[in-house]
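Inspection log for the structure reproduced underneath, given as structure tokens.
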Amino acid sequence: MDLKKKGNGIHKKREKEKGKNIKKIAVIAIVCCCAISGGIFAAKSALDKKNAAIEAARIEKERERQQKEETKKEEEERAALEQGDEVIGYPMESGKNVFESLKKRPPFVELTEENRADYVSIHSCKIDGETSRILLEASAEGIPVSDDKYYYLFALRSYDTGIKDDKQYMQQIYKDEKIQFQIARHFTGTESGIFRKFVVAVKKDGQYVPVSSPHYITNLDDVSKYKSNGDKPVTKKGLLIDPNKLRTSELDDLGVKHAAYNIPVSRILGQSTGDIYPTVYYTYNGKSYAFNGQVMSEYDLVFRTLTSKGIEITAIILNDIASAYPQMIHPLARRGIGSAPYYAFNASDADGEEYLAAVGAFLAERYSGTVNGRGMVANWVIGNEINARKEWNYMEHVSLETYVKEYARAFRVFYNAIKSINSACSVYISLDQQWDRNNPASGNYDARDILDEFNRQIKEEGNIDWGLAIHPYNVPLTTPYIWNPSRYVKDSPDTPMITMANIEVVTDYMEKEEFLTEEGEVRSIILSELGYTSTNGEDVQAAAIAYAYKKAEANPHIDSVLFSRQTDAAEEIAQGLALGINHADGSPKYAYNVYKYMDTEQGETYTDFAKRVIGISDWSQISKKR
């Protein structure tokens, strides 16, 4: 191409446009002058023709400025055209910008069976306390190929295994690598939304397909009704109390700071049978639930009395048989009714989930410490020794993953219900001392396996601040000799059993990074049940109690140790287990004063004898280095 000719052509074009612009400016000047003159005569103002001339001069000056700018621009373009490399440079620079933009654009990714389920990673699902909206944040590497350009958010029930009603998505947003959904907190019209699990989906071949793992709301403590459990006790010493001694001065004399108390659901559910204590009706998420007024008055008395004594309460919610409420028991446990004391909780359907939520919310609200002085329950344990499937959490034998999934689902329902009422409460999973036995013939599960799987599943669907309540009884139960060597008790993570001799195995295990809370802290650990029989001698029982307490006291990760029990129980004595620090008739054993003083300044006076029984010269000899 002849650049010179092209340049002359552009020059002629510029001259033509310049002429048009000059004519336009002249016309504007004439019009303005006429307007000014007309205004002068119409308004009979003091302005004269001099002002009009000044205005005309200003317009002419502006015209000259524009003419100079046009000329300068023309000269710059002509110079650019005369330099061939510059002519090429303009489109190259433009193309470069487009190329850079394309490079930053997220790539499109085909969905497959392998990558689909976790294509989107949900990082958090929380309630914004200021806006009262649920905020879900997630991310993905690239844009998944689907029928349209949207991600869809679904809010599933806890028992849903997939998207069933494909028309009920909560919100749709444009697909990007950074994903954020915001929806109203009370999108169901009640508080029931806090039990939903949220799933991100895309539309593929006309169907809504999940592309994320389910994720629950995890910060209910930020929006809870109550946020206090009172002052923390000064020592770790606790006891399974005898309700018959509640109104005596014995708990004060013993210096008890922690108390455990059972709540079987069969006792509290249902209507009252008398008029003195009418039925307590509780409305939750739009439905009414009946609780036995007389039984609740008993718990009111117990918890009010313990709270007034400065004793922290740990309540254990137990799923025994409530014949009028079969929905409380998991469907996979119903064929075994009558074979065990307690059964797996049911969160596998709507009726079961709603009842668990109502029970948890009712109890947490009634014992928040701020309502009618009924007392404060600080800790809630969900079930009893759940790894002992046959005995204490009956369900048909299923895979470990399935078994834990059913418990974790029920646990989270209780957790969300309790935490939404009182954020200061702690909620615990319960395990026994069978740590890593690897004995499939028992029909039970190992505590360590349950713990690993529970932690994995909880983290996968939204990490929460759960705690561990473990029962490190001795092996066998009928012997109090904790300190004697046993092939079942080792100082390593593969130990078959956990006792107070190797309790550090558990606390060290809980120090592992994968078990830490979101804040990087070791989770709360309580020894919610352990005891030693006096059938081998009251002094040996007392020495065992002193040994156990010294170990717990020295371990910074143990928050409390609750000895079983205050008074011998007839059914346990029949099994060779006289675990009380009092005889069945209420009279004290040798262990009474040891228990009373072991956490005081006089403790050494009352525990020194135990060193001889144990075979040590100093208490430091029983503690593993940490």
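Going by the structure tokens order, chains are called A, B, ..., each with residues numbered from 1, while ligands are numbered from 1 in the order shown.
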
Residue contacts of Asp231 in chain A (10 Å, only C-alpha atoms) excluding same-chain residues fewer than 4 positions away, as a PDB file with N, CA, C and O atoms, in the first residue's frame:
```pdb
ATOM      1  N   GLY A 310     -23.274 -23.893  92.819  1.00  0.00           N
ATOM      2  CA  GLY A 310     -22.094 -23.607  92.020  1.00  0.00           C
ATOM      3  C   GLY A 310     -21.534 -24.829  91.316  1.00  0.00           C
ATOM      4  O   GLY A 310     -20.337 -24.880  90.999  1.00  0.00           O
ATOM      5  N   ILE A 311     -22.383 -25.825  91.062  1.00  0.00           N
ATOM      6  CA  ILE A 311     -21.959 -27.074  90.427  1.00  0.00           C
ATOM      7  C   ILE A 311     -22.309 -27.040  88.943  1.00  0.00           C
ATOM      8  O   ILE A 311     -23.453 -26.778  88.576  1.00  0.00           O
ATOM      9  N   GLU A 312     -21.332 -27.288  88.088  1.00  0.00           N
ATOM     10  CA  GLU A 312     -21.584 -27.338  86.645  1.00  0.00           C
ATOM     11  C   GLU A 312     -22.254 -28.658  86.295  1.00  0.00           C
ATOM     12  O   GLU A 312     -21.805 -29.722  86.714  1.00  0.00           O
TER      13      GLU A 312
END
```

Self-check item: Non-local contacts of Ala591 in chain A (9 Å; only C-alpha atoms; under 3 positions in same chain excluded) as a ChimeraX atom specification
Solution: /A:534,538-543,545-546,580-582,588,594-596

Quiz item: Of the candidates A:Ala138, A:Ala350, A:Met497, A:Ile143, which one gets nearest to Asn438 in chain A if we count only C-alpha atoms?
Solution: A:Met497

Considering only C-alpha atoms, give me a table of residues in range 152-257 of chain A that are at most 7 Å from range 454-462 of chain A, with the closest atom pair and distance in Å for each, as a Markdown table.
```
| residue | atom | partner | partner_atom | distance |
| --- | --- | --- | --- | --- |
| A:Ser213 | CA | A:Glu461 | CA | 6.8 |
| A:Pro214 | CA | A:Glu461 | CA | 5.6 |
| A:His215 | CA | A:Glu461 | CA | 4.3 |
| A:Tyr216 | CA | A:Gly462 | CA | 5.4 |
| A:Ile217 | CA | A:Gly462 | CA | 7.0 |
| A:Thr218 | CA | A:Gly462 | CA | 6.0 |
```

Exercise. Could you pull out the residues in range 86-315 of chain A that DSSP calls strand (DSSP E or B) from the backbone, as a PyMOL selection string?
Key: chain A and resi 108-109+120-128+133-139+143-144+150-156+171-174+178-184+197-204+207-210+212+215-216+226+237-240+258-264+269+280-284+287-291+312-315

Practice problem: Determine, counting only C-alpha atoms, which protein, DNA and RNA residues have an atom within 7 Å of an atom of range 390-398 of chain A; residues of the same chain fewer than 5 positions away are not included. Present the result as a VMD selection string. | Solution: chain A and resid 332 to 333 340 to 344 384 to 385 403 443 to 444

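Comparing A:Tyr261, A:Tyr150, A:Tyr367, A:Tyr549 by their smallest distance to Arg565 in chain A, the closest is A:Tyr261 (using only C-alpha atoms).
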
Quiz item: Near Gln171 in chain A, within 7 Å and counting only C-alpha atoms, which residues show up once chain neighbours fewer than 2 positions away are dropped, as a ChimeraX atom specification?
Solution: /A:152-153,169,173

Exercise. Identify which of the residues A:Pro210, A:Pro485, A:Pro233, A:Gly467 lies closest to Met510 in chain A, counting only C-alpha atoms when measuring atom-to-atom distances.
Key: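 Nearest candidate to Met510 in chain A out of A:Pro210, A:Pro485, A:Pro233, A:Gly467: A:Gly467.
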
Mind dumping a table of every range 393-446 of chain A residue within 9 Å of range 472-478 of chain A, with the nearest atom pair and its distance in Å to one decimal, using only C-alpha atoms, sorted by chain and rising number, as JSON lines?
```
{"residue": "A:Asp432", "atom": "CA", "partner": "A:Pro472", "partner_atom": "CA", "distance": 6.6}
{"residue": "A:Gln433", "atom": "CA", "partner": "A:Pro472", "partner_atom": "CA", "distance": 4.9}
{"residue": "A:Gln434", "atom": "CA", "partner": "A:Pro472", "partner_atom": "CA", "distance": 8.6}
```

Quiz item: Just how far from CA of Gly383 in chain A is CA of Asn319 in chain A, in Å to one decimal?
Solution: 6.9 Å

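Here the question is which of A:Phe515, A:Pro144, A:Arg612, A:Thr479 gets nearest to Asp452 in chain A using only C-alpha atoms, and that residue is A:Phe515.
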
Self-check item: Point-to-point distance from CA of Gln566 in chain A to CA of Asn244 in chain A, Å rounded to tenths
Solution: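 Separation of CA of Gln566 in chain A and CA of Asn244 in chain A: 10.3 Å.
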